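Below is one structure, written out as structure tokens, with a few remarks after it.
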Amino acid sequence: MIKFFQNKYFIPLLTAILLCQASFVLAVEDTAGTSGYVSLDEPLIVNIFSLNNVHFMQIKTDFQLKDTALAPLLERHMAAVKHSLLLLFSEKRFFEMKTIQGKLQLRKDALKAVQQVMLDKTGDTTVKNIFFTSLILQ
């Protein structure tokens with residue numbers, strides 16, 4: 001038995017077995033969920049202000065849904081969602097958005113705003129998470 005563990009093929013074989021099991025578990029976890037994503041068809045562009053200048057912020061947003069069956073519901077109310085996000089984004093100041101903390105806070109605020117719109121319109125928050133897939137400040 002000890003001779004088996006000293007075999008030069010033992011470590012690579014053990015590694016291969018563990019990797020196969022890990023990838024199987026990851027695949028099962030990825031497909032077991034029912035959440036899906038809905039993307040905005042185009043980025044949102046707003047003016048934001050600093051002390052003496054006007055800047056532009058462009059954000060491309062994806063929404064992670066609680067359930068893929070809710071996608072038509074979100075798409076039906078996308079105009080209200082965009083309106084809410086435009087108002088939120090335009091309130092921000094340039095100096096806030098230059099920091100990681102500012103962007104993370106904006107993400108939290110955007111999620112709350114979208115969930116509130118969906119709750120008001122449908123009685124369900126619908127969206128589990130929000131992701132900025134592109135964020136440009138100029």
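Ordering of the structure tokens sets the chain letters (A, B, ...); residue numbers start at 1 within each chain; ligands are numbered from 1 in the order shown.
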
- [ ] Output as a PyMOL selection string all residues of stretch 16-133 of chain A that backbone DSSP marks as helix (DSSP H, G or I).
- [x] chain A and resi 16-32+68-76+78-91+94-97+100-122

Store the residues picked out above in a file with C-alpha atoms, as a PDB file, in the first residue's frame.
```pdb
ATOM      1  CA  ALA A  16      -7.101  14.713 -11.976  1.00  0.00           C
ATOM      2  CA  ILE A  17      -9.757  12.918  -9.915  1.00  0.00           C
ATOM      3  CA  LEU A  18     -10.246  15.914  -7.622  1.00  0.00           C
ATOM      4  CA  LEU A  19     -10.451  18.355 -10.536  1.00  0.00           C
ATOM      5  CA  CYS A  20     -13.045  16.216 -12.302  1.00  0.00           C
ATOM      6  CA  GLN A  21     -15.167  16.093  -9.181  1.00  0.00           C
ATOM      7  CA  ALA A  22     -14.813  19.826  -8.603  1.00  0.00           C
ATOM      8  CA  SER A  23     -15.830  20.718 -12.153  1.00  0.00           C
ATOM      9  CA  PHE A  24     -18.832  18.401 -11.921  1.00  0.00           C
ATOM     10  CA  VAL A  25     -19.953  20.069  -8.695  1.00  0.00           C
ATOM     11  CA  LEU A  26     -19.514  23.526 -10.252  1.00  0.00           C
ATOM     12  CA  ALA A  27     -21.514  22.508 -13.308  1.00  0.00           C
ATOM     13  CA  VAL A  28     -24.320  21.169 -11.140  1.00  0.00           C
ATOM     14  CA  GLU A  29     -24.375  24.348  -9.064  1.00  0.00           C
ATOM     15  CA  ASP A  30     -24.397  26.546 -12.166  1.00  0.00           C
ATOM     16  CA  THR A  31     -27.320  24.770 -13.811  1.00  0.00           C
ATOM     17  CA  ALA A  32     -29.319  24.095 -10.658  1.00  0.00           C
ATOM     18  CA  THR A  68     -35.899  33.368 -15.380  1.00  0.00           C
ATOM     19  CA  ALA A  69     -39.694  33.260 -15.625  1.00  0.00           C
ATOM     20  CA  LEU A  70     -39.710  36.886 -14.398  1.00  0.00           C
ATOM     21  CA  ALA A  71     -37.830  38.211 -17.454  1.00  0.00           C
ATOM     22  CA  PRO A  72     -40.992  39.267 -19.361  1.00  0.00           C
ATOM     23  CA  LEU A  73     -42.179  41.094 -16.247  1.00  0.00           C
ATOM     24  CA  LEU A  74     -38.970  43.123 -16.017  1.00  0.00           C
ATOM     25  CA  GLU A  75     -38.987  43.841 -19.742  1.00  0.00           C
ATOM     26  CA  ARG A  76     -42.593  45.043 -19.531  1.00  0.00           C
ATOM     27  CA  MET A  78     -38.172  48.503 -18.367  1.00  0.00           C
ATOM     28  CA  ALA A  79     -39.180  52.115 -19.129  1.00  0.00           C
ATOM     29  CA  ALA A  80     -39.923  52.739 -15.437  1.00  0.00           C
ATOM     30  CA  VAL A  81     -36.695  50.995 -14.433  1.00  0.00           C
ATOM     31  CA  LYS A  82     -34.629  53.122 -16.842  1.00  0.00           C
ATOM     32  CA  HIS A  83     -36.346  56.288 -15.628  1.00  0.00           C
ATOM     33  CA  SER A  84     -35.543  55.456 -12.018  1.00  0.00           C
ATOM     34  CA  LEU A  85     -31.916  54.645 -12.847  1.00  0.00           C
ATOM     35  CA  LEU A  86     -31.460  57.835 -14.881  1.00  0.00           C
ATOM     36  CA  LEU A  87     -32.711  59.940 -11.971  1.00  0.00           C
ATOM     37  CA  LEU A  88     -30.452  58.092  -9.529  1.00  0.00           C
ATOM     38  CA  PHE A  89     -27.355  58.267 -11.738  1.00  0.00           C
ATOM     39  CA  SER A  90     -27.795  61.966 -12.496  1.00  0.00           C
ATOM     40  CA  GLU A  91     -27.834  62.792  -8.757  1.00  0.00           C
ATOM     41  CA  PHE A  94     -18.078  63.175 -10.279  1.00  0.00           C
ATOM     42  CA  PHE A  95     -15.778  62.976  -7.250  1.00  0.00           C
ATOM     43  CA  GLU A  96     -17.979  60.260  -5.698  1.00  0.00           C
ATOM     44  CA  MET A  97     -17.903  58.151  -8.841  1.00  0.00           C
ATOM     45  CA  ILE A 100     -14.451  52.187  -5.859  1.00  0.00           C
ATOM     46  CA  GLN A 101     -16.587  52.893  -2.786  1.00  0.00           C
ATOM     47  CA  GLY A 102     -18.663  55.367  -4.790  1.00  0.00           C
ATOM     48  CA  LYS A 103     -19.267  52.840  -7.550  1.00  0.00           C
ATOM     49  CA  LEU A 104     -20.177  50.108  -5.068  1.00  0.00           C
ATOM     50  CA  GLN A 105     -22.589  52.458  -3.314  1.00  0.00           C
ATOM     51  CA  LEU A 106     -24.127  53.365  -6.666  1.00  0.00           C
ATOM     52  CA  ARG A 107     -24.624  49.650  -7.365  1.00  0.00           C
ATOM     53  CA  LYS A 108     -26.398  49.168  -4.026  1.00  0.00           C
ATOM     54  CA  ASP A 109     -28.562  52.244  -4.600  1.00  0.00           C
ATOM     55  CA  ALA A 110     -29.395  51.110  -8.137  1.00  0.00           C
ATOM     56  CA  LEU A 111     -30.449  47.665  -6.915  1.00  0.00           C
ATOM     57  CA  LYS A 112     -32.731  49.229  -4.294  1.00  0.00           C
ATOM     58  CA  ALA A 113     -34.218  51.600  -6.874  1.00  0.00           C
ATOM     59  CA  VAL A 114     -34.925  48.816  -9.383  1.00  0.00           C
ATOM     60  CA  GLN A 115     -36.368  46.542  -6.716  1.00  0.00           C
ATOM     61  CA  GLN A 116     -38.629  49.365  -5.501  1.00  0.00           C
ATOM     62  CA  VAL A 117     -39.910  50.044  -9.010  1.00  0.00           C
ATOM     63  CA  MET A 118     -40.652  46.367  -9.550  1.00  0.00           C
ATOM     64  CA  LEU A 119     -42.270  46.051  -6.131  1.00  0.00           C
ATOM     65  CA  ASP A 120     -44.519  49.044  -6.863  1.00  0.00           C
ATOM     66  CA  LYS A 121     -45.448  47.779 -10.331  1.00  0.00           C
ATOM     67  CA  THR A 122     -45.761  44.029  -9.714  1.00  0.00           C
TER      68      THR A 122
END
```

Task: For atom CA of A:Asn53 and atom CA of A:Ser134, the interatomic separation in Å (one decimal) - done: 22.5 Å

Task: Selected residue, from A:Ser50, A:Ser39, A:Gln64, A:Thr34, that lies nearest to A:Ile130 when counting only C-alpha atoms - done: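 So, comparing all the options, the nearest one is A:Gln64.
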
Open item on the list: Could you list, as an MDAnalysis selection string, every residue within 8 Å of A:Val38, counting only C-alpha atoms and ignoring same-chain residues fewer than 2 positions away?
Closed with: chainID A and resid 36 40 62:65 71
